[in-house]
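Student: Below is the file work32.cif, with mmCIF, C-alpha atoms (C1' of nucleotides).
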data_structure
#
loop_
_atom_site.label_atom_id
_atom_site.label_comp_id
_atom_site.auth_asym_id
_atom_site.auth_seq_id
_atom_site.Cartn_x
_atom_site.Cartn_y
_atom_site.Cartn_z
CA MET A 1 -15.06 -22.05 -9.95
CA SER A 2 -12.51 -24.43 -11.31
CA PRO A 3 -13.10 -27.97 -10.09
CA LYS A 4 -9.40 -28.62 -9.69
CA LEU A 5 -8.86 -26.26 -6.78
CA PRO A 6 -9.06 -27.06 -3.08
CA GLN A 7 -11.73 -25.54 -0.91
CA PHE A 8 -10.96 -22.00 0.00
CA ASP A 9 -13.11 -19.19 1.28
CA LEU A 10 -11.96 -15.86 -0.06
CA ASP A 11 -14.45 -13.92 1.99
CA THR A 12 -13.03 -14.96 5.34
CA TYR A 13 -9.41 -14.86 4.30
CA LEU A 14 -7.99 -12.38 6.76
CA PRO A 15 -4.98 -10.97 4.90
CA PHE A 16 -7.40 -10.04 2.15
CA ARG A 17 -10.17 -8.66 4.27
CA LEU A 18 -7.89 -6.53 6.39
CA THR A 19 -6.02 -5.16 3.42
CA VAL A 20 -9.19 -4.28 1.58
CA ILE A 21 -10.84 -2.59 4.53
CA ALA A 22 -7.74 -0.78 5.69
CA GLY A 23 -7.25 0.39 2.13
CA GLN A 24 -10.78 1.73 1.96
CA LEU A 25 -10.50 3.61 5.22
CA SER A 26 -7.10 5.04 4.38
CA ALA A 27 -8.12 6.03 0.88
CA ASP A 28 -11.12 7.84 2.33
CA LEU A 29 -9.02 9.78 4.74
CA SER A 30 -6.08 10.27 2.46
CA LYS A 31 -8.30 12.14 0.05
CA HIS A 32 -9.24 14.65 2.72
CA TYR A 33 -5.66 15.19 3.73
CA LYS A 34 -4.11 15.21 0.32
CA THR A 35 -6.67 17.41 -1.34
CA LYS A 36 -7.08 19.94 1.38
CA PHE A 37 -3.65 20.05 2.92
CA GLY A 38 -1.22 18.52 0.46
CA ILE A 39 -0.28 15.82 2.92
CA SER A 40 0.36 12.24 1.82
CA MET A 41 -0.44 9.23 3.92
CA PRO A 42 3.14 8.57 5.02
CA GLU A 43 3.56 12.23 5.87
CA TRP A 44 0.35 12.18 7.85
CA ARG A 45 1.45 9.15 9.80
CA VAL A 46 4.81 10.66 10.62
CA LEU A 47 3.25 13.95 11.59
CA LEU A 48 0.81 12.26 13.90
CA ASN A 49 3.45 10.18 15.61
CA VAL A 50 5.84 13.03 16.08
CA GLY A 51 3.02 15.07 17.53
CA TYR A 52 1.91 12.47 20.00
CA CYS A 53 5.07 10.74 21.11
CA GLU A 54 8.09 12.06 22.91
CA ASP A 55 11.29 12.55 21.05
CA LEU A 56 11.03 10.11 18.20
CA SER A 57 13.81 9.20 15.80
CA VAL A 58 13.32 7.91 12.29
CA ARG A 59 13.98 4.43 13.52
CA ASP A 60 11.38 4.70 16.29
CA ILE A 61 8.76 5.63 13.77
CA GLU A 62 9.78 2.85 11.47
CA LYS A 63 9.11 0.43 14.29
CA ARG A 64 5.96 2.04 15.65
CA VAL A 65 4.20 2.46 12.34
CA SER A 66 5.89 -0.33 10.37
CA LEU A 67 6.76 2.19 7.71
CA GLU A 68 9.96 1.54 5.75
CA LYS A 69 12.78 3.68 7.06
CA SER A 70 13.34 5.16 3.63
CA LYS A 71 9.68 6.11 3.55
CA VAL A 72 9.95 7.72 6.95
CA SER A 73 13.12 9.49 5.95
CA ARG A 74 11.59 10.92 2.81
CA ALA A 75 8.33 11.83 4.46
CA ALA A 76 10.24 13.62 7.18
CA SER A 77 12.30 15.48 4.60
CA LYS A 78 9.16 16.65 2.84
CA LEU A 79 7.59 17.74 6.08
CA GLN A 80 10.72 19.64 6.91
CA ALA A 81 10.67 21.28 3.49
CA LYS A 82 7.12 22.37 4.22
CA GLY A 83 8.25 23.81 7.51
CA LEU A 84 6.16 21.43 9.59
CA LEU A 85 8.94 19.71 11.50
CA ILE A 86 12.65 19.81 12.12
CA LYS A 87 15.20 17.05 11.92
CA HIS A 88 18.09 17.31 14.30
CA VAL A 89 20.90 14.99 15.19
CA ASP A 90 20.66 13.52 18.66
CA ALA A 91 23.38 14.74 20.98
CA HIS A 92 23.91 11.44 22.77
CA ASP A 93 23.88 9.21 19.72
CA ARG A 94 24.76 11.11 16.62
CA ARG A 95 23.44 8.39 14.38
CA LEU A 96 19.90 9.20 15.41
CA VAL A 97 17.81 11.88 13.76
CA LYS A 98 15.16 13.18 16.10
CA LEU A 99 12.01 14.84 14.81
CA THR A 100 10.23 17.80 16.35
CA LEU A 101 7.16 19.66 15.18
CA THR A 102 7.48 23.32 14.36
CA ARG A 103 4.80 25.77 15.41
CA ASP A 104 3.28 25.42 11.95
CA GLY A 105 3.35 21.68 12.37
CA VAL A 106 1.43 21.93 15.60
CA ARG A 107 -0.99 24.32 13.96
CA LEU A 108 -1.64 21.98 11.06
CA LEU A 109 -2.06 19.03 13.36
CA ASN A 110 -4.64 21.03 15.26
CA GLU A 111 -6.63 21.28 12.07
CA LEU A 112 -6.22 17.67 11.11
CA ILE A 113 -6.88 15.98 14.41
CA PRO A 114 -10.57 16.91 14.53
CA ILE A 115 -11.04 15.30 11.15
CA ALA A 116 -9.39 12.14 12.41
CA GLN A 117 -11.46 12.24 15.58
CA ALA A 118 -14.68 12.67 13.64
CA PHE A 119 -13.75 9.76 11.44
CA GLN A 120 -12.94 7.63 14.43
CA ALA A 121 -16.20 8.65 16.08
CA ASP A 122 -18.11 7.55 12.99
CA LEU A 123 -16.41 4.20 13.06
CA ASP A 124 -17.02 3.75 16.75
CA ALA A 125 -20.67 4.63 16.27
CA LYS A 126 -20.97 2.06 13.54
CA LEU A 127 -19.17 -0.55 15.59
CA GLY A 128 -20.93 0.04 18.86
CA ALA A 129 -20.27 -2.84 21.18
CA MET A 130 -18.07 -4.49 18.59
CA ALA A 131 -15.31 -1.92 19.02
CA ALA A 132 -13.78 -3.55 22.08
CA PRO A 133 -13.62 -7.08 20.69
CA LEU A 134 -12.20 -5.69 17.47
CA HIS A 135 -9.32 -4.06 19.29
CA THR A 136 -8.69 -7.17 21.30
CA ALA A 137 -8.51 -9.19 18.13
CA LEU A 138 -6.18 -6.68 16.52
CA ASP A 139 -3.97 -6.86 19.58
CA VAL A 140 -3.67 -10.58 19.09
CA LEU A 141 -2.94 -10.28 15.39
CA GLY A 142 -0.30 -7.65 16.02
CA GLU A 143 1.55 -9.72 18.61
CA GLY A 144 3.22 -12.58 16.87
CA ASP A 145 4.56 -10.81 13.82
CA ASP A 146 7.77 -9.55 15.34
CA GLY A 147 9.23 -12.83 16.43
CA MET B 30 3.90 15.33 23.77
CA SER B 31 3.24 18.88 22.75
CA PRO B 32 0.88 20.63 25.14
CA LYS B 33 -0.87 22.46 22.35
CA LEU B 34 -2.50 19.41 20.83
CA PRO B 35 -5.96 18.03 21.59
CA GLN B 36 -6.33 14.65 23.23
CA PHE B 37 -5.88 11.86 20.76
CA ASP B 38 -5.13 8.21 21.22
CA LEU B 39 -2.94 6.89 18.45
CA ASP B 40 -3.12 3.33 19.69
CA THR B 41 -6.84 2.96 19.20
CA TYR B 42 -7.03 4.95 15.99
CA LEU B 43 -8.51 2.41 13.64
CA PRO B 44 -7.29 3.58 10.23
CA PHE B 45 -3.80 3.31 11.66
CA ARG B 46 -4.15 0.03 13.42
CA LEU B 47 -5.79 -1.70 10.50
CA THR B 48 -3.26 -0.39 8.02
CA VAL B 49 -0.33 -1.44 10.15
CA ILE B 50 -1.62 -4.91 10.84
CA ALA B 51 -2.83 -5.54 7.32
CA GLY B 52 0.56 -4.38 6.11
CA GLN B 53 2.37 -6.76 8.41
CA LEU B 54 0.29 -9.74 7.38
CA SER B 55 0.54 -8.95 3.69
CA ALA B 56 4.25 -8.29 3.86
CA ASP B 57 4.71 -11.63 5.56
CA LEU B 58 2.80 -13.48 2.89
CA SER B 59 4.05 -11.43 0.00
CA LYS B 60 7.58 -12.51 0.80
CA HIS B 61 6.64 -16.14 0.47
CA TYR B 62 4.91 -15.58 -2.83
CA LYS B 63 7.36 -13.19 -4.35
CA THR B 64 10.49 -15.04 -3.37
CA LYS B 65 9.35 -18.51 -4.17
CA PHE B 66 7.05 -17.96 -7.09
CA GLY B 67 7.76 -14.51 -8.51
CA ILE B 68 4.20 -13.39 -7.80
CA SER B 69 3.46 -9.88 -6.56
CA MET B 70 0.63 -9.07 -4.19
CA PRO B 71 -1.68 -7.66 -6.87
CA GLU B 72 -0.97 -10.65 -9.07
CA TRP B 73 -1.72 -12.96 -6.19
CA ARG B 74 -4.99 -11.27 -5.47
CA VAL B 75 -6.08 -11.41 -9.07
CA LEU B 76 -5.04 -15.03 -9.38
CA LEU B 77 -6.98 -15.97 -6.30
CA ASN B 78 -10.13 -14.21 -7.40
CA VAL B 79 -10.04 -15.59 -10.90
CA GLY B 80 -9.57 -19.03 -9.45
CA TYR B 81 -12.42 -18.84 -7.02
CA CYS B 82 -15.08 -16.80 -8.79
CA GLU B 83 -16.99 -17.47 -11.96
CA ASP B 84 -16.16 -15.57 -15.08
CA LEU B 85 -14.69 -12.35 -13.73
CA SER B 86 -13.87 -9.27 -15.77
CA VAL B 87 -11.26 -6.68 -14.87
CA ARG B 88 -14.03 -4.46 -13.59
CA ASP B 89 -15.46 -7.19 -11.37
CA ILE B 90 -12.12 -7.67 -9.71
CA GLU B 91 -11.64 -3.96 -9.27
CA LYS B 92 -14.88 -3.92 -7.30
CA ARG B 93 -14.37 -7.11 -5.37
CA VAL B 94 -10.84 -6.45 -4.26
CA SER B 95 -10.86 -2.65 -4.36
CA LEU B 96 -7.78 -2.77 -6.54
CA GLU B 97 -7.38 0.06 -9.04
CA LYS B 98 -8.44 -1.02 -12.50
CA SER B 99 -5.05 -0.13 -13.91
CA LYS B 100 -3.47 -2.32 -11.27
CA VAL B 101 -5.78 -5.18 -12.15
CA SER B 102 -5.13 -4.66 -15.83
CA ARG B 103 -1.39 -4.73 -15.43
CA ALA B 104 -1.40 -7.63 -13.01
CA ALA B 105 -3.56 -9.58 -15.43
CA SER B 106 -1.19 -8.78 -18.29
CA LYS B 107 1.74 -10.04 -16.30
CA LEU B 108 -0.07 -13.18 -15.33
CA GLN B 109 -0.93 -13.74 -18.95
CA ALA B 110 2.70 -13.19 -19.94
CA LYS B 111 3.61 -15.87 -17.42
CA GLY B 112 1.07 -18.21 -18.95
CA LEU B 113 -1.06 -18.37 -15.83
CA LEU B 114 -4.27 -16.92 -17.23
CA ILE B 115 -5.89 -15.79 -20.45
CA LYS B 116 -7.66 -12.54 -21.21
CA HIS B 117 -10.47 -12.79 -23.70
CA VAL B 118 -13.08 -10.36 -24.86
CA ASP B 119 -16.59 -11.17 -23.72
CA ALA B 120 -18.90 -12.15 -26.56
CA HIS B 121 -21.96 -10.37 -25.24
CA ASP B 122 -20.29 -7.14 -24.19
CA ARG B 123 -17.13 -6.58 -26.09
CA ARG B 124 -15.92 -3.94 -23.69
CA LEU B 125 -15.38 -6.55 -21.03
CA VAL B 126 -12.21 -8.56 -20.68
CA LYS B 127 -12.85 -11.84 -18.96
CA LEU B 128 -10.09 -13.72 -17.18
CA THR B 129 -9.59 -17.47 -17.10
CA LEU B 130 -6.88 -19.53 -15.50
CA THR B 131 -4.73 -21.70 -17.69
CA ARG B 132 -3.79 -25.18 -16.62
CA ASP B 133 -0.52 -23.77 -15.31
CA GLY B 134 -2.47 -21.15 -13.41
CA VAL B 135 -4.53 -23.82 -11.73
CA ARG B 136 -1.40 -25.77 -10.99
CA LEU B 137 0.30 -22.78 -9.36
CA LEU B 138 -2.78 -21.94 -7.36
CA ASN B 139 -2.76 -25.50 -6.09
CA GLU B 140 0.67 -24.85 -4.69
CA LEU B 141 -0.16 -21.49 -3.23
CA ILE B 142 -3.49 -22.22 -1.61
CA PRO B 143 -2.06 -24.52 1.05
CA ILE B 144 0.29 -21.74 2.11
CA ALA B 145 -2.61 -19.36 2.40
CA GLN B 146 -4.63 -21.94 4.29
CA ALA B 147 -1.81 -22.60 6.71
CA PHE B 148 -1.42 -18.91 7.31
CA GLN B 149 -5.12 -18.52 7.89
CA ALA B 150 -5.09 -21.51 10.21
CA ASP B 151 -2.33 -19.89 12.25
CA LEU B 152 -4.30 -16.72 12.55
CA ASP B 153 -7.45 -18.56 13.51
CA ALA B 154 -5.54 -20.47 16.12
CA LYS B 155 -4.19 -17.26 17.56
CA LEU B 156 -7.58 -15.64 17.50
CA GLY B 157 -9.54 -18.53 18.88
CA ALA B 158 -12.95 -17.31 19.95
CA MET B 159 -12.13 -13.81 18.79
CA ALA B 160 -12.26 -14.79 15.12
CA ALA B 161 -16.02 -14.54 14.83
CA PRO B 162 -16.38 -11.12 16.46
CA LEU B 163 -13.50 -9.88 14.33
CA HIS B 164 -15.25 -10.84 11.14
CA THR B 165 -18.47 -9.30 12.34
CA ALA B 166 -16.69 -6.07 13.06
CA LEU B 167 -14.99 -6.12 9.69
CA ASP B 168 -18.36 -6.64 8.05
CA VAL B 169 -19.59 -3.51 9.72
CA LEU B 170 -16.54 -1.51 8.72
CA GLY B 171 -16.83 -2.68 5.16
CA GLU B 172 -20.47 -1.72 4.79
CA GLY B 173 -20.76 2.01 4.78
CA ASP B 174 -17.83 2.88 2.58
CA ASP B 175 -19.59 2.55 -0.74
CA GLY B 176 -22.37 5.03 -0.19
"C1'" DT C 6 43.91 1.68 21.55
"C1'" DT C 7 42.73 -0.86 17.57
"C1'" DG C 8 39.94 -3.25 14.45
"C1'" DA C 9 35.82 -6.05 13.45
"C1'" DC C 10 31.03 -5.63 13.71
"C1'" DA C 11 26.34 -3.46 14.36
"C1'" DT C 12 23.13 0.37 13.89
"C1'" DC C 13 21.11 4.48 11.76
"C1'" DG C 14 19.58 7.46 8.12
"C1'" DT C 15 20.02 8.79 3.22
"C1'" DT C 16 20.21 8.00 -1.57
"C1'" DG C 17 20.36 5.67 -6.37
"C1'" DC C 18 17.92 3.00 -9.12
"C1'" DA C 19 14.69 -0.16 -11.00
"C1'" DT C 20 10.02 -0.94 -10.51
"C1'" DA C 21 5.24 -0.04 -8.97
"C1'" DT C 22 1.64 3.07 -8.46
"C1'" DG C 23 -2.27 6.55 -9.22
"C1'" DC C 24 -4.42 9.44 -12.14
"C1'" DA C 25 -6.00 11.31 -16.25
"C1'" DA C 26 -6.53 10.76 -21.07
"C1'" DC C 27 -7.89 7.82 -24.50
"C1'" DA C 28 -10.11 4.32 -27.92
"C1'" DA C 29 -13.57 0.98 -28.34
"C1'" DA C 30 -17.96 -0.58 -27.29
"C1'" DT C 31 -22.52 -0.05 -25.53
"C1'" DA C 32 -26.75 2.42 -23.75
"C1'" DC C 33 -29.81 6.00 -24.05
"C1'" DT C 34 -32.65 9.81 -26.28
"C1'" DG C 35 -35.39 11.60 -29.54
"C1'" DC D 14 -31.70 5.81 -37.35
"C1'" DA D 15 -28.32 9.53 -35.79
"C1'" DG D 16 -26.10 11.65 -32.03
"C1'" DT D 17 -24.76 11.98 -27.25
"C1'" DA D 18 -23.46 10.03 -22.94
"C1'" DT D 19 -21.64 6.11 -20.27
"C1'" DT D 20 -18.91 2.17 -19.40
"C1'" DT D 21 -14.63 -0.57 -19.86
"C1'" DG D 22 -9.82 -1.55 -20.20
"C1'" DT D 23 -5.21 0.17 -21.53
"C1'" DT D 24 -1.49 3.33 -21.52
"C1'" DG D 25 1.60 7.61 -20.70
"C1'" DC D 26 3.56 10.03 -17.38
"C1'" DA D 27 4.83 11.99 -13.10
"C1'" DT D 28 5.50 10.38 -8.66
"C1'" DA D 29 6.03 6.93 -4.94
"C1'" DT D 30 8.00 2.80 -3.41
"C1'" DG D 31 11.24 -1.05 -1.93
"C1'" DC D 32 15.60 -2.60 -1.67
"C1'" DA D 33 20.39 -2.60 -1.54
"C1'" DA D 34 24.50 0.04 -1.04
"C1'" DC D 35 26.73 3.49 1.36
"C1'" DG D 36 28.88 6.81 4.86
"C1'" DA D 37 28.80 7.98 9.47
"C1'" DT D 38 28.52 6.75 14.02
"C1'" DG D 39 28.55 3.74 17.89
"C1'" DT D 40 29.66 -0.91 20.40
"C1'" DC D 41 32.42 -4.50 21.78
"C1'" DA D 42 36.39 -7.54 22.56
"C1'" DA D 43 41.07 -8.24 22.84
#
Rewrite the structure from the file as structure tokens, please.
Tutor:
Amino acid sequence: MSPKLPQFDLDTYLPFRLTVIAGQLSADLSKHYKTKFGISMPEWRVLLNVGYCEDLSVRDIEKRVSLEKSKVSRAASKLQAKGLLIKHVDAHDRRLVKLTLTRDGVRLLNELIPIAQAFQADLDAKLGAMAAPLHTALDVLGEGDDG
Amino acid sequence: MSPKLPQFDLDTYLPFRLTVIAGQLSADLSKHYKTKFGISMPEWRVLLNVGYCEDLSVRDIEKRVSLEKSKVSRAASKLQAKGLLIKHVDAHDRRLVKLTLTRDGVRLLNELIPIAQAFQADLDAKLGAMAAPLHTALDVLGEGDDG
DNA sequence: TTGACATCGTTGCATATGCAACAAATACTG
DNA sequence: CAGTATTTGTTGCATATGCAACGATGTCAA
């Protein structure tokens, strides 16, 4: 270590740690999805949100998942091309594009969800009693970033 | 929510939560670095690791930071082009490329570290007593992924 | 109503990324 | 020692990404 640098502990530096670990988890999963189903991470995230939330627009997803709107837009277009969801202009505000799963979309999600659940179960098993504090901490970290 | 889908709680799904939060934190920081100093996230990570670890090769960083080796290679090249570090072939194993900060690299890191420290301090303040359990949980999550 | 302003989604474009292929060096086997 | 396999870093290329610009719509005030 260079003597001219201030004290700094890389191993407890949160932006690093979180990025690395999130990257590992996502890479793990992404390989399952991409290889077996031809679904990219952004597509997977959009799919999941559309499946589990009422009547989402592109913008809603952007906010919920902190995914660039262009990323959401393109992911949605690809999913539509694959016949997994439909984009349709909202009747009340024609700027909004709402997303709805097709039957095939629902079907695919029904295959993917168990994989996600199994993964989550593994993590929870590993974490044990630490799961709850972890979520609490993540809640706190997620709070302040908007304002 | 579609009735044909199994129960699934998006809000406690860890791969999601971690990715979103890590992304928010990194985006926050990245803006500081990129705007003010022209440093990208990968460059920043490499810089930091070279500064705070002895005698790292590209491979070492790839492992430590779980950053693709091509990403490390290119980030290192850019940093070298900016005069912030030097790549040199290791004498004992000439496949290895070791990285060393230049004086300018050290100087820049001396400007950047306080920003990182302040950011970390903010997070720690927010977390309070939750910081320790968080790190413990992250340790656990980081463990099993290699094997 | 009109006109200035804000919001939403898409797209063009420069850049970043991931992956596979590759050359150079080393390790291993007999 | 020769010959094969493994490791390491770089690069080419197809694709993904971020950002700004844009068109379309909606909001608001006068």
Student: Hey, what comes out of the PyMOL selection byres ((chain A and resi 19) around 8) on this file? Could you write it as a list in words?
Tutor: Pro15, Phe16, Arg17, Leu18, Val20, Ile21, Ala22 and Gly23 of chain A; Leu47, Thr48, Ala51, Gly52 and Ser55 of chain B
Student: Using the chain letters and numbers from the file, give me the residues hit by the PyMOL selection byres ((chain D) within 9 of (chain A)), as a list of chain:residue names.
Tutor: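 Output of the PyMOL selection byres ((chain D) within 9 of (chain A)): D:DT30, D:DG31, D:DA37, D:DT38, D:DG39.
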Student: Write out as JSON an axis-aligned box for region 8-16 of chain C: all of its atoms listed in the file, 6 Å added on each side, centre and edge lengths in Å with one decimal.
Tutor:
{"center_x": 29.8, "center_y": 1.4, "center_z": 6.4, "size_x": 32.4, "size_y": 26.8, "size_z": 28.0}
Student: I need the chain C residues near chain A as a VMD selection string; criterion: at most 10 Å, counting all atoms listed in the file.
Tutor: chain C and resid 12 to 16
Student: Could you tell me which of B:Leu39, B:Leu113, B:Leu108, B:Ile144 comes closest to chain A if we count all atoms listed in the file?
Tutor: B:Leu39
Student: Up to 8 Å from chain B, what residues of chain A turn up? Count only C-alpha atoms and give them as an MDAnalysis selection string.
Tutor: chainID A and resid 1:2 4:6 8 10 12:15 17:26 48:49 51:54 65:66 106 109:110 113 117 120 123 126:127 130:131 133:138 140:142 145
Student: What does the PyMOL selection byres ((chain C and resi 6) around 12) select in this file, as a PDB file with C-alpha atoms (C1' of nucleotides), in the frame of the given file?
Tutor:
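File part-v4.pdb, as written:
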ATOM      1  C1'  DT C   7      42.730  -0.860  17.570  1.00  0.00           C
ATOM      2  C1'  DG C   8      39.940  -3.250  14.450  1.00  0.00           C
TER       3       DG C   8
ATOM      4  C1'  DA D  42      36.390  -7.540  22.560  1.00  0.00           C
ATOM      5  C1'  DA D  43      41.070  -8.240  22.840  1.00  0.00           C
TER       6       DA D  43
END
Student: Separation of CA of Ser30 (chain A) and CA of Trp44 (chain A), in Å?
Tutor: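 So the two atoms, CA of Ser30 (chain A) and CA of Trp44 (chain A), lie 8.6 Å apart.
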Student: Mind listing as a ChimeraX atom specification all residues within 10 Å of (26.3, 2.6, -0.2), counting only C-alpha atoms (C1' of nucleotides)?
Tutor: /C:15-17 /D:33-36
Student: When you draw a straight line from CA of Ile61 (chain A) to CA of Val46 (chain A), how long is it in Å?
Tutor: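 Computed distance, CA of Ile61 (chain A) to CA of Val46 (chain A), equals 7.1 Å.
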Student: I'd like the interatomic distance between CA of Pro42 (chain A) and CA of Ala75 (chain A), to a tenth of an Å.
Tutor: 6.2 Å
Student: Using all atoms listed in the file, determine which residues lie at most 10 Å from region 14-20 of chain D, disregarding the query and same-chain residues fewer than 3 positions distant; provide the list as a list in words.
Tutor: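 So, after excluding close chain neighbours, the residues are Arg124 and Leu125 of chain B; DA30, DT31, DA32, DC33, DT34 and DG35 of chain C.
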Student: Could you pull the residues within 12 Å of DG25 (chain D), counting only C-alpha atoms (C1' of nucleotides), minus those fewer than 3 positions along the same chain, as a list in words?
Tutor: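 Here the answer would be DC24, DA25, DA26 and DC27 of chain C.
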